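**Student:** Here you go, one structure.
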Amino acid sequence: MLPTDKNVNGFSLVELIVTVAIAGILGSIALPQYFHQVQRTRQNEAATSLSQIQVTIAAFVDEMGLLPKSWSDLNKITPLMTPDGPADQQDFEWIKLASASCTTPQNSGLAQQNQINCYKIFISETDQVYTLTAKPNNPKTENYNVMACLDLRTGSSDLKKGNHTTAIAIGNLQCI
């Protein structure tokens, strides 16, 4: 007896199309969540660095009896690493934080791509209140910033993080 079309094993074209459509829908839901989680992980790494810098500022004041004026001053207490080595600038201008996903640019496209994974930080001081700002290099994730403050007069500190919809501003911090 010869096999008929109804006896052939396999999937029909309609079944394959439905399966691919379901996989596409699930992927379109899961992929953005994955990217948000990756960015939150990078943001948490930057927040940890800002917390460490807050402690380093307080330790510098306790040890030296002076207010730190530069990254070089803070390196006397704890080395603060950038992708190029210790942050040894004579001011508190923007530096890039060293991290696993942030590398020094080379001629390769991968290294250039990794630069958008970097966070850069800045410190300002007014009347013994230090404000620390960390923001991602990637303009598409600018809301994932981190801000912290440390009031050396009272010892109070605060740290806040932005999210995918709203960036944190200095006014959100409560140090004074």
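Scheme for the structure tokens: letters A, B, ... for chains in order shown; per-chain residue numbers from 1; ligand numbers from 1 in order shown.
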Which residues are near stretch 168-172 of chain A? Cut-off 12 Å, only C-alpha atoms, ignore same chain within fewer than 5 positions. Put them as a VMD selection string.
**Tutor:** chain A and resid 124 130 to 135 142 to 149 158 to 163
**Student:** What are the closest atom pairs, with distances in Å to one decimal, for each residue of stretch 77-141 of chain A lying within 9 Å of stretch 32-50 of chain A, using only C-alpha atoms, rows by chain and rising residue number, as CSV?
**Tutor:**
residue,atom,partner,partner_atom,distance
A:Leu80,CA,A:Ser49,CA,8.8
A:Leu97,CA,A:Ala46,CA,7.6
A:Ser99,CA,A:Glu45,CA,7.9
A:Ser101,CA,A:Arg42,CA,8.3
A:Asn117,CA,A:Arg42,CA,7.8
A:Cys118,CA,A:Arg42,CA,8.3
A:Tyr119,CA,A:Ala46,CA,6.7
A:Lys120,CA,A:Ala46,CA,8.7
A:Ile121,CA,A:Leu50,CA,8.4
A:Leu132,CA,A:Leu50,CA,6.9
A:Thr133,CA,A:Leu50,CA,8.1
A:Ala134,CA,A:Ala46,CA,6.8
A:Lys135,CA,A:Ala46,CA,8.4
A:Pro136,CA,A:Gln43,CA,8.1
A:Thr141,CA,A:Gln39,CA,7.6
**Student:** Can you list, as an NGL selection string, all residues belonging to stretch 46-123 of chain A that DSSP tags as helix (DSSP H, G or I)?
**Tutor:** :A and (46-64 or 71-75 or 109-115)
**Student:** Enumerate, as an MDAnalysis selection string, the complete set of residues in stretch 27-122 of chain A that a backbone-based DSSP assignment places in strand (DSSP E or B).
**Tutor:** chainID A and resid 81:82 85:86 95:96 99 102 119:122
**Student:** Which value, in Å to one decimal, gives the distance between atom CA of A:Asn75 and atom CA of A:Cys175?
**Tutor:**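 Interatomic distance, atom CA of A:Asn75 to atom CA of A:Cys175: 24.3 Å.
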**Student:** Can you pull out every residue within 12 Å of A:Glu125, counting only C-alpha atoms, but drop anything in the same chain fewer than 3 positions away, and send it as a list of chain:residue names?
**Tutor:**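 With the cut-off at 12 Å, the set is A:Ile57, A:Leu67, A:Pro68, A:Lys69, A:Ser70, A:Asp91, A:Phe92, A:Glu93, A:Phe122, A:Gln128, A:Val129, A:Tyr130, A:Thr131, A:Leu132, A:Thr133, A:Ala148, A:Cys149, A:Leu150, A:Asp151, A:Leu152.
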**Student:** Between atom CA of A:Cys102 and atom CA of A:Asp73, what is the distance in Å, rounded to a tenth?
**Tutor:**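 One can read the atom CA of A:Cys102 to atom CA of A:Asp73 distance as 24.1 Å.
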**Student:** In Å to one decimal, how far is atom CA of A:Pro83 from atom CA of A:His164?
**Tutor:**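 Separation of atom CA of A:His164 and atom CA of A:Pro83: 25.8 Å.
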